[in-house]
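**Student:** So here's protein27.txt, just compact mmCIF, C-alpha atoms:
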# COMPACT_ATOMS: atom_id res chain seq x y z
CA MET A 1 -93.03 -17.58 16.40
CA LEU A 2 -91.33 -14.99 14.32
CA GLN A 3 -92.08 -14.64 10.72
CA ALA A 4 -89.31 -15.03 8.19
CA PRO A 5 -88.91 -11.36 7.23
CA MET A 6 -88.78 -10.36 10.88
CA ALA A 7 -86.24 -13.08 11.62
CA ALA A 8 -84.19 -11.93 8.66
CA ILE A 9 -84.21 -8.35 9.96
CA ILE A 10 -83.20 -9.44 13.44
CA GLY A 11 -80.55 -11.73 12.02
CA SER A 12 -79.22 -8.93 9.85
CA ALA A 13 -79.15 -6.62 12.87
CA VAL A 14 -77.25 -9.15 14.96
CA LEU A 15 -74.84 -9.82 12.12
CA ALA A 16 -74.34 -6.08 11.60
CA ALA A 17 -73.73 -5.65 15.32
CA LEU A 18 -71.20 -8.48 15.31
CA VAL A 19 -69.35 -6.87 12.40
CA ALA A 20 -69.75 -3.22 13.49
CA ALA A 21 -68.68 -3.63 17.12
CA PRO A 22 -65.17 -4.90 16.40
CA SER A 23 -64.89 -2.46 13.49
CA GLY A 24 -65.85 0.40 15.81
CA TRP A 25 -63.37 -0.70 18.44
CA PHE A 26 -60.69 -1.04 15.76
CA ALA A 27 -61.47 2.41 14.37
CA ARG A 28 -61.43 3.85 17.90
CA GLY A 29 -58.02 2.27 18.49
CA VAL A 30 -56.68 3.70 15.23
CA VAL A 31 -57.96 7.18 16.11
CA PHE A 32 -56.43 6.95 19.58
CA ASP A 33 -53.09 5.58 18.34
CA ARG A 34 -52.74 7.92 15.35
CA ILE A 35 -54.35 11.16 16.56
CA GLU A 36 -55.03 11.37 20.29
CA ARG A 37 -51.94 9.66 21.75
CA PRO A 38 -49.46 11.83 19.79
CA GLN A 39 -51.35 14.95 20.92
CA ILE A 40 -51.27 13.76 24.54
CA GLU A 41 -47.56 12.95 24.27
CA GLN A 42 -46.85 16.31 22.64
CA ALA A 43 -48.77 18.15 25.36
CA ALA A 44 -46.95 16.20 28.08
CA THR A 45 -43.59 16.87 26.44
CA GLN A 46 -44.40 20.57 26.10
CA LYS A 47 -45.45 20.73 29.75
CA ALA A 48 -42.21 18.99 30.81
CA ASN A 49 -40.18 21.35 28.62
CA ASP A 50 -41.96 24.36 30.12
CA ALA A 51 -41.26 23.08 33.63
CA ALA A 52 -37.60 22.49 32.74
CA THR A 53 -37.39 25.98 31.25
CA ILE A 54 -38.82 27.47 34.43
CA ARG A 55 -36.33 25.52 36.55
CA VAL A 56 -33.41 26.60 34.36
CA MET A 57 -34.53 30.24 34.39
CA ASP A 58 -34.93 30.11 38.17
CA ALA A 59 -31.46 28.63 38.58
CA ALA A 60 -30.03 31.29 36.25
CA LYS A 61 -31.72 34.06 38.25
CA ARG A 62 -30.35 32.65 41.50
CA ALA A 63 -26.88 32.46 39.94
CA GLN A 64 -27.14 36.06 38.71
CA ASP A 65 -28.28 37.22 42.16
CA ALA A 66 -25.42 35.35 43.81
CA GLU A 67 -22.92 36.85 41.35
CA ARG A 68 -24.34 40.34 41.91
CA GLU A 69 -24.02 39.91 45.69
CA ARG A 70 -20.46 38.60 45.28
CA GLN A 71 -19.53 41.59 43.12
CA GLN A 72 -21.06 43.98 45.65
CA ARG A 73 -19.07 42.35 48.46
CA VAL A 74 -15.87 42.50 46.39
CA GLY A 75 -16.56 46.14 45.49
CA ALA A 76 -17.21 47.04 49.12
CA GLU A 77 -14.01 45.27 50.17
CA ALA A 78 -12.02 47.05 47.44
CA ALA A 79 -13.46 50.40 48.52
CA ARG A 80 -12.58 49.64 52.16
CA ILE A 81 -9.01 48.70 51.19
CA TYR A 82 -8.72 51.85 49.07
CA ARG A 83 -9.99 54.03 51.94
CA GLU A 84 -7.49 52.41 54.30
CA ALA A 85 -4.64 52.93 51.82
CA LEU A 86 -5.71 56.54 51.25
CA THR A 87 -5.90 57.19 54.99
CA ASN A 88 -2.48 55.59 55.51
CA SER A 89 -1.02 57.56 52.60
CA ARG A 90 -2.42 60.84 53.92
CA ARG A 91 -1.18 60.02 57.42
CA ALA A 92 2.31 59.21 56.07
CA ALA A 93 2.37 62.41 54.00
CA GLU A 94 1.27 64.44 57.03
CA GLU A 95 3.92 62.79 59.20
CA GLU A 96 6.58 63.47 56.55
CA ARG A 97 5.48 67.10 56.25
CA SER A 98 5.51 67.48 60.04
CA ARG A 99 8.95 65.86 60.20
CA LEU A 100 10.29 68.21 57.52
CA GLU A 101 8.78 71.25 59.23
CA GLN A 102 10.32 70.15 62.53
CA GLU A 103 13.65 69.58 60.79
CA ASN A 104 13.46 73.07 59.25
CA ALA A 105 12.52 74.59 62.60
CA ASP A 106 15.40 72.75 64.33
CA TYR A 107 17.81 73.93 61.64
CA ALA A 108 16.55 77.51 61.97
CA ALA A 109 16.98 77.29 65.76
CA GLN A 110 20.51 75.90 65.32
CA LEU A 111 21.35 78.77 62.95
CA ALA A 112 19.93 81.26 65.44
CA LEU A 113 22.11 79.80 68.23
CA GLU A 114 25.15 80.17 66.01
CA GLY A 115 24.18 83.73 65.18
CA ARG A 116 23.41 82.96 61.57
CA SER A 117 20.17 83.11 59.71
CA CYS A 118 18.61 81.60 56.62
CA VAL A 119 18.27 84.11 53.80
CA PHE A 120 15.49 82.11 52.16
CA THR A 121 11.98 83.31 52.81
CA GLY A 122 8.81 81.18 52.71
CA PRO A 123 8.05 81.99 49.05
CA ASP A 124 11.63 81.11 48.10
CA LEU A 125 11.33 77.74 49.81
CA GLU A 126 8.03 77.11 48.08
CA TRP A 127 9.65 77.86 44.75
CA LEU A 128 12.53 75.53 45.56
CA HIS A 129 10.10 72.75 46.37
CA GLY A 130 8.22 73.41 43.14
CA LEU A 131 5.07 74.56 44.89
CA GLY A 132 4.72 77.81 43.01
CA PRO A 133 6.47 80.85 41.56
CA PRO A 134 8.55 83.01 43.91
CA ARG A 135 6.85 86.01 45.36
CA SER A 136 8.35 89.44 45.21
CA ASP A 137 7.95 91.25 48.52
Mind turning this structure into structure tokens?
**Tutor:**
Amino acid sequence: MLQAPMAAIIGSAVLAALVAAPSGWFARGVVFDRIERPQIEQAATQKANDAATIRVMDAAKRAQDAERERQQRVGAEAARIYREALTNSRRAAEEERSRLEQENADYAAQLALEGRSCVFTGPDLEWLHGLGPPRSD
């Protein structure tokens, strides 16, 4: 059989193993709970925050793009309306000028039929309308 010193060594080893194993598992649990788990949770939280930041930035970019497109459409519509108004204004001014010229021509023809004439010349009429100084011929 085993001699006493050898049995004592083996017994000590078994006893040490019985004490060390639970102590090691306890120490491993403390390290995991106090050091590793918080690091894992912090990394997971940071990753989730980064993902949320990316989603928010993407949504903000889409909103900016949509707003830019809306402003471009509104600007194009405003320019179209302005061009229409300008065209209509020019057309109305041209029609009014044509009407006045026709009215002047009709009046000159009426005066000619009556044997009268208008003593105003073109430069005088321009001066009367405020279009420029009278010319001396």
**Student:** Between CA of Thr87 in chain A and CA of Glu126 in chain A, what is the spacing in Å?
**Tutor:**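 Interatomic distance here is 25.3 Å.
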**Student:** Please compute the CA of Cys118 in chain A-CA of Glu96 in chain A distance, one decimal, in Å.
**Tutor:**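 Separation between CA of Cys118 in chain A and CA of Glu96 in chain A: 21.8 Å.
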**Student:** Suppose you want the space between CA of Ser23 in chain A and CA of Gln42 in chain A; what is it in Å?
**Tutor:** 27.6 Å
**Student:** Where's the centre, and what are the edge lengths in Å to one decimal, of a box along x, y and z enclosing all listed atoms of range 81-98 of chain A padded 3 Å per side, as JSON?
**Tutor:**
{"center_x": -1.7, "center_y": 58.1, "center_z": 54.6, "size_x": 22.6, "size_y": 24.8, "size_z": 17.0}
**Student:** Please, which residues in range 26-133 of chain A fall within 12 Å of range 13-20 of chain A when counting only C-alpha atoms, and what is the closest atom pair and distance in Å to one decimal for each, ordered by chain then residue number, as JSON lines?
**Tutor:**
{"residue": "A:Phe26", "atom": "CA", "partner": "A:Ala20", "partner_atom": "CA", "distance": 9.6}
{"residue": "A:Ala27", "atom": "CA", "partner": "A:Ala20", "partner_atom": "CA", "distance": 10.1}
{"residue": "A:Arg28", "atom": "CA", "partner": "A:Ala20", "partner_atom": "CA", "distance": 11.8}
